[in-house]
Amino acid sequence: NYEGYINEYDDAVADWNGKSNTEHIKMVGTGIKLEEGEWIPSVAEWYLIYLNKRSVNAAIELSGGSRIQDGWYWSSTEFSATSAWRLGLSDGSLYRWHAKVSLSTYVRAVAAFH
């Protein structure tokens, strides 16, 4: 009875609810391990990262982290109980209806900083 599934493209790209989406994902028992304050980005949050990827990667490298790869990343924006939206960080392509368990795709947590 979860009402947070988003099955329309226009609604998915407007989803800024990565934190609450991630809480739902954790609640259903996926076993995902996140540090305090981390979450899986929503589609809108991934687009913001994609648009600023060069600067984001520079900041990540400066802090000793691993760069964002040019590949597919799962978002926390779910299409259904078994499918989620994923974004291509090489060209900004967004795809839906992909079964979460059948595709080998990157997952990356984010955290806010000030």
# chains A, B, ... in the order shown; residues from 1 in each chain; ligands from 1
$ residues_around --residues "range 77-86 of chain A" --least-positions-apart "4" --cutoff "7 Å" --atoms "only C-alpha atoms" --output "PyMOL selection string"
chain A and resi 5-7+12+21+42-43+72-73+94-100
$ select_by_dssp --residues "range 27-112 of chain A" --states "strand (DSSP E)" --output "PyMOL selection string"
chain A and resi 38-39+72-78+83-88+94-99+110-111
$ write_last_selection --atoms "C-alpha atoms" --output "compact mmCIF listing (two decimals), in the first residue's frame"
# COMPACT_ATOMS: atom_id res chain seq x y z
CA GLU A 38 23.41 9.34 3.87
CA TRP A 39 20.71 8.54 1.34
CA TRP A 72 24.09 3.78 -14.89
CA TYR A 73 23.04 4.66 -11.34
CA TRP A 74 19.93 3.52 -9.53
CA SER A 75 17.88 6.31 -8.02
CA SER A 76 15.75 6.00 -4.91
CA THR A 77 12.75 6.95 -7.05
CA GLU A 78 10.81 3.73 -7.34
CA SER A 83 11.34 -1.55 -10.48
CA ALA A 84 13.11 1.76 -10.11
CA TRP A 85 14.32 4.66 -12.25
CA ARG A 86 17.98 4.79 -13.23
CA LEU A 87 20.02 7.62 -14.73
CA GLY A 88 22.96 7.37 -17.12
CA LEU A 94 16.65 8.28 -17.75
CA TYR A 95 15.05 4.84 -17.92
CA ARG A 96 12.22 3.27 -15.98
CA TRP A 97 10.68 -0.16 -15.51
CA HIS A 98 13.98 -1.89 -14.90
CA ALA A 99 13.81 -4.67 -12.37
CA VAL A 110 25.10 11.02 -0.94
CA ALA A 111 25.18 13.24 2.13
$ closest_residue --among "A:Asp91, A:Trp16, A:Leu34, A:Ala112" --to "Leu48 in chain A" --atoms "only C-alpha atoms"
A:Trp16
$ closest_residue --among "A:Ala59, A:Tyr50, A:Ser104, A:Ile40" --to "Lys26 in chain A" --atoms "only C-alpha atoms"
A:Ile40
$ atom_distance --atom1 "CA of Gly92 in chain A" --atom2 "CA of Ala44 in chain A"
11.3 Å
$ closest_residue --among "A:Tyr106, A:Val56, A:Glu23, A:Asn1" --to "Asp70 in chain A" --atoms "only C-alpha atoms"
A:Tyr106
$ closest_residue --among "A:Gly65, A:Ser90, A:Gly37, A:Val107" --to "Lys19 in chain A" --atoms "only C-alpha atoms"
A:Gly37
$ atom_distance --atom1 "CA of Arg54 in chain A" --atom2 "CA of Arg67 in chain A"
9.5 Å
$ select_by_dssp --residues "range 15-111 of chain A" --states "helix (DSSP H, G or I)" --output "MDAnalysis selection string"
chainID A and resid 18:27 43:51 53:62
$ closest_residue --among "A:Gly4, A:Gln69, A:Gly29, A:Ser20" --to "Ile49 in chain A" --atoms "only C-alpha atoms"
A:Gln69
